[in-house]
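Notes for the one structure printed next.
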Amino acid sequence: MRYSIIVLMCLLSFSCNNKYKEATNTEENYLIIPKPLKMEPLKGKFLVDKKTKVIGDPSLANEGGFLSGILSAATGYPISFSSEVTQGNIVLKLDDTIKNDEGYVLQVAYDKITISGKSATGIFYGIETLRQLMPARIEARDGTLKELTIPAVNITDNPRFVYRGMHLDVGRHFFPVSFIKKYIDLIAMHKMNTFHWHLTEDQGWRIEIKKYPRLTEIGSKRYGTIVGHYPGTANDQKEYGGFYTQEEVKGVVAYAAARHVTIIPEIELPGHSSAAIAAYPSLSCFPNGPTVVTKDMMSDKGRELQALGTPKIVQETWGVFNDVFCAGKESTFIFLQDVLDEVIPLFPSKYIHIGGDECPKENWRRCPNCQARIKKEGLHNEHELQSYFVKRIEKYLNSKGKQIIGWDEILEGGLAPNATVMSWRGTKGGLEAAKQHHDVVMTPGHSCYFDHYQAKNKENEPLAIGGKTTVADVYAYDPTPEELTADEQKFILGAQGNVWTEYMATTDYVEYMILPRMSALSEVVWSSTANRNYDDFNTRLQALTKRFDALGLNYAKHTFQKDNLKNVVQTDNE
């Protein structure tokens, strides 16, 4: 009798193993975004069960913990990562033979999974691919998926570009740390590697600087915001503000690093500086000159303060303003160097973004200090004065081991020696910079501005700044201009999606504007041009949106609709 039971158990075990070994898969099992370089679907499925163990080198504890966390949350089984045992059926392995630093090889068989990477980053991206091979239900993390299977496959993959970024403006509207982390999760899930955090603006200063407490005491709050599309129909008369403490920034940076996302902070200069000037009016060419809100849309509180002798307030409307940092005062540079001295230790990134865009020269033309600077430095005009400003900041940052990135206006008046250019006014700035052998990140408005409308029927869309950039428009973009030679094309680092938040007051609004355009851009910057096909992408995107649903994300559905139906998004600005 005992012998019969043992035989029966062995047969059941063999039958179960054979079931997964011989299981067939379909194309629907391999709908991955961004599309891998090489993929070979195989017969068989790997079963995640109580015996599943993730193993790897101690240096891969972060990645191992990330994967075991996904599996445990999905199944409810206590799946762990170990670096102390050699027996495990999911193996994470560093492999020097893989050429690309972010490349990986994923091998899934019915009885074993191996993820190899040149680095921990490559292994992390292999895990993100493995995640998309699992059913979308895993994202619920409710521990109810007791038969979690993964289709067998061999994948060899690496990115096309080294810079794959997403930007978020938290100056116009502020978003909590919890959402910033969610945003980083989306970046990582799409195998993008850079978060450009736009921290200072005319409408709000969002990072604590301990030497200058008024930047957050005064500069992080405005007394009202225009209603409707610029220039607005009224002022909402609501105080609005928020900022990140340095401790919160450290936490966000650590969170991003664990997901192999580099954060580049932006401290805007010399323009878009109204909030800093409201806190410290001496930074202006004309400290006693009152802040002007376009079309006289200032809040009652702002008017009251000006009437009582406080001329400078944080801006309450959108646009470009003449009140910029004074380039003629030494105190301006001392202030900015002090600010950067506190920013630099918070961000390990080799880059600091210094803005450099949309800086009117009107005040500089009228300012005796700025005109004296032009004369002293032998400059010819105010454009060269801006170049002097940027080069001086670059020199200071270089002395601290950092490099600058700036918007393409930094080309005007002469480009700083080691600067990287973000080309946003079309591709002209990127072309010019690459021809000068400067690194370039392409982010042209026509393809990479996710604050644009997503459909022709704007009446049925939430308020946006204008324009029209569809998912298809994003997907059709190629960051490498044909006008460049092969050698010049090497200076194109990649591309970035920009999210300016004048009209995005809530987190679900931001989600709606970035998804699924972000998914399209992720494939542009990761996948080879030979592997890109919009119809194929659209099929895979429909699978990815099931994951969005499981994650509770608010995404636009135009790509899947014949007619642009009304999409409801809550916003304070409508």
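Residues in the structure tokens are named by chain (A, B, ... in the order shown) and by number from 1 within that chain; ligands are numbered from 1 in the order shown.
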
Quiz prompt | segment 430-462 of chain A: residues DSSP assigns to strand (DSSP E or B), reported as a list of chain:residue names | solution =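 The strand (DSSP E or B) residues within segment 430-462 of chain A come out as A:Val440, A:Val441, A:Met442, A:Tyr449, A:His452, A:Tyr453.
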
Selected residues written out with N, CA, C and O atoms, as a compact mmCIF listing (two decimals), in the first residue's frame:
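Heads up, here's the output in result.txt:
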# COMPACT_ATOMS: atom_id res chain seq x y z
N VAL A 440 23.74 66.10 -26.75
CA VAL A 440 22.39 66.63 -26.97
C VAL A 440 21.35 65.62 -26.48
O VAL A 440 21.47 64.42 -26.71
N VAL A 441 20.33 66.15 -25.81
CA VAL A 441 19.11 65.38 -25.52
C VAL A 441 18.00 66.03 -26.34
O VAL A 441 17.72 67.21 -26.19
N MET A 442 17.37 65.24 -27.20
CA MET A 442 16.32 65.78 -28.06
C MET A 442 14.97 65.74 -27.32
O MET A 442 14.59 64.71 -26.77
N TYR A 449 6.40 66.95 -26.15
CA TYR A 449 5.75 67.79 -25.15
C TYR A 449 4.40 67.18 -24.78
O TYR A 449 3.43 67.28 -25.54
N HIS A 452 0.76 69.03 -24.45
CA HIS A 452 -0.07 69.31 -25.61
C HIS A 452 -1.34 68.46 -25.59
O HIS A 452 -1.38 67.40 -24.95
N TYR A 453 -2.35 68.93 -26.30
CA TYR A 453 -3.55 68.11 -26.49
C TYR A 453 -3.17 66.80 -27.19
O TYR A 453 -2.19 66.74 -27.93

Self-check item: Residues near segment 328-330 of chain A, cut-off 8 Å, only C-alpha atoms, skip fewer than 6 positions along chain, as a ChimeraX atom specification
Solution: /A:285,367-373

How would the residues just picked look written out with C-alpha atoms as a PDB file, in the first residue's frame?
ATOM      1  CA  CYS A 285      17.715  94.391 -11.415  1.00  0.00           C
ATOM      2  CA  CYS A 367      19.949  97.981 -15.663  1.00  0.00           C
ATOM      3  CA  PRO A 368      23.093 100.059 -14.902  1.00  0.00           C
ATOM      4  CA  ASN A 369      24.692  97.051 -13.196  1.00  0.00           C
ATOM      5  CA  CYS A 370      24.136  94.787 -16.195  1.00  0.00           C
ATOM      6  CA  GLN A 371      25.382  97.390 -18.629  1.00  0.00           C
ATOM      7  CA  ALA A 372      28.476  97.887 -16.485  1.00  0.00           C
ATOM      8  CA  ARG A 373      29.047  94.090 -16.579  1.00  0.00           C
TER       9      ARG A 373
END

Quiz item: So, counting only C-alpha atoms, which residue among A:Leu541, A:Ile352, A:Val339, A:Leu71 is closest to Thr420 of chain A?
Solution: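 Going through A:Leu541, A:Ile352, A:Val339, A:Leu71 one by one, the smallest distance to Thr420 of chain A is for A:Ile352.
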
Quiz prompt | Residues within 12 Å of Phe537 of chain A, only C-alpha atoms, excluding chain neighbours under 5 positions, as a PyMOL selection string | solution = chain A and resi 31-36+471-472+475-476+516-517+519-524+527+531-532+542-544+559

Neighbours of segment 497-506 of chain A within 8 Å (only C-alpha atoms; same-chain residues fewer than 6 positions away dropped), as a tab-separated table (two decimals) with N, CA, C and O atoms, in the first residue's frame?
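Generated file (out_34.tsv):
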chain	number	residue	atom	x	y	z
A	165	GLY	N	14.57	59.74	-20.92
A	165	GLY	CA	14.11	60.54	-19.79
A	165	GLY	C	12.66	60.98	-19.81
A	165	GLY	O	11.99	61.01	-20.85
A	166	MET	N	12.19	61.32	-18.60
A	166	MET	CA	10.91	61.99	-18.41
A	166	MET	C	11.13	63.16	-17.45
A	166	MET	O	11.87	63.06	-16.48
A	167	HIS	N	10.47	64.25	-17.77
A	167	HIS	CA	10.56	65.51	-17.03
A	167	HIS	C	9.25	65.74	-16.29
A	167	HIS	O	8.18	65.28	-16.72
A	168	LEU	N	9.31	66.43	-15.16
A	168	LEU	CA	8.08	66.85	-14.48
A	168	LEU	C	8.30	68.21	-13.84
A	168	LEU	O	9.23	68.40	-13.05
A	169	ASP	N	7.44	69.14	-14.21
A	169	ASP	CA	7.44	70.49	-13.66
A	169	ASP	C	6.61	70.48	-12.37
A	169	ASP	O	5.40	70.28	-12.42
A	170	VAL	N	7.27	70.72	-11.23
A	170	VAL	CA	6.55	70.81	-9.96
A	170	VAL	C	6.49	72.25	-9.47
A	170	VAL	O	6.08	72.51	-8.34
A	171	GLY	N	6.91	73.19	-10.34
A	171	GLY	CA	6.90	74.60	-9.99
A	171	GLY	C	5.52	75.21	-10.19
A	171	GLY	O	4.99	75.90	-9.31
A	172	ARG	N	4.91	74.98	-11.36
A	172	ARG	CA	3.57	75.52	-11.61
A	172	ARG	C	2.55	74.86	-10.70
A	172	ARG	O	1.70	75.51	-10.12
A	173	HIS	N	2.62	73.52	-10.62
A	173	HIS	CA	1.81	72.79	-9.65
A	173	HIS	C	2.69	71.79	-8.91
A	173	HIS	O	3.57	71.16	-9.50
A	174	PHE	N	2.43	71.69	-7.63
A	174	PHE	CA	3.24	70.88	-6.72
A	174	PHE	C	2.58	69.51	-6.55
A	174	PHE	O	1.36	69.40	-6.43
A	175	PHE	N	3.42	68.46	-6.49
A	175	PHE	CA	2.91	67.11	-6.32
A	175	PHE	C	3.62	66.43	-5.14
A	175	PHE	O	4.83	66.62	-4.96
A	318	TRP	N	0.74	82.41	-15.98
A	318	TRP	CA	1.75	81.67	-16.72
A	318	TRP	C	2.44	82.60	-17.71
A	318	TRP	O	2.02	83.72	-17.94
A	443	THR	N	14.30	66.89	-27.33
A	443	THR	CA	12.99	66.96	-26.68
A	443	THR	C	12.11	68.01	-27.37
A	443	THR	O	11.58	68.92	-26.74
A	448	CYS	N	7.60	65.57	-28.22
A	448	CYS	CA	7.97	65.20	-26.85
A	448	CYS	C	7.34	66.07	-25.77
A	448	CYS	O	7.70	65.95	-24.60
A	449	TYR	N	6.40	66.95	-26.15
A	449	TYR	CA	5.75	67.79	-25.15
A	449	TYR	C	4.40	67.18	-24.78
A	449	TYR	O	3.43	67.28	-25.54
A	450	PHE	N	4.34	66.61	-23.60
A	450	PHE	CA	3.14	65.90	-23.19
A	450	PHE	C	2.13	66.80	-22.48
A	450	PHE	O	1.14	66.32	-21.91
A	451	ASP	N	2.37	68.12	-22.52
A	451	ASP	CA	1.35	69.06	-22.08
A	451	ASP	C	0.46	69.50	-23.24
A	451	ASP	O	-0.50	70.23	-23.05
A	463	LEU	N	-8.32	70.84	-20.17
A	463	LEU	CA	-7.58	72.01	-20.59
A	463	LEU	C	-6.10	71.72	-20.74
A	463	LEU	O	-5.49	71.07	-19.88
A	464	ALA	N	-5.50	72.17	-21.83
A	464	ALA	CA	-4.07	72.00	-22.07
A	464	ALA	C	-3.50	73.29	-22.64
A	464	ALA	O	-4.24	74.21	-23.00
A	465	ILE	N	-2.19	73.34	-22.75
A	465	ILE	CA	-1.54	74.58	-23.18
A	465	ILE	C	-1.79	74.87	-24.65
A	465	ILE	O	-1.77	76.01	-25.09
A	514	ILE	N	0.42	61.83	-19.61
A	514	ILE	CA	1.65	61.11	-19.97
A	514	ILE	C	1.40	59.72	-20.52
A	514	ILE	O	2.23	59.19	-21.28
A	518	MET	N	3.99	58.29	-22.99
A	518	MET	CA	5.26	57.87	-22.39
A	518	MET	C	5.66	56.48	-22.88
A	518	MET	O	6.84	56.20	-23.11
A	521	LEU	N	7.16	56.79	-26.30
A	521	LEU	CA	8.52	57.34	-26.26
A	521	LEU	C	9.51	56.32	-25.73
A	521	LEU	O	10.67	56.27	-26.19
A	570	GLN	N	-10.45	65.37	-13.40
A	570	GLN	CA	-10.70	66.42	-12.43
A	570	GLN	C	-9.55	67.42	-12.44
A	570	GLN	O	-8.40	67.04	-12.42
A	571	THR	N	-9.87	68.69	-12.49
A	571	THR	CA	-8.84	69.73	-12.46
A	571	THR	C	-9.38	70.99	-11.82
A	571	THR	O	-10.55	71.33	-11.99
A	572	ASP	N	-8.53	71.67	-11.09
A	572	ASP	CA	-8.92	72.92	-10.45
A	572	ASP	C	-8.93	74.08	-11.42
A	572	ASP	O	-9.36	75.17	-11.09
A	573	ASN	N	-8.42	73.85	-12.64
A	573	ASN	CA	-8.22	74.97	-13.56
A	573	ASN	C	-9.30	75.06	-14.64
A	573	ASN	O	-9.18	75.85	-15.56

Quiz prompt | Interatomic distance (Å, one decimal) between atom CA of Ser274 of chain A and atom CA of Asp202 of chain A | solution =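 Those two atoms sit 4.3 Å apart.
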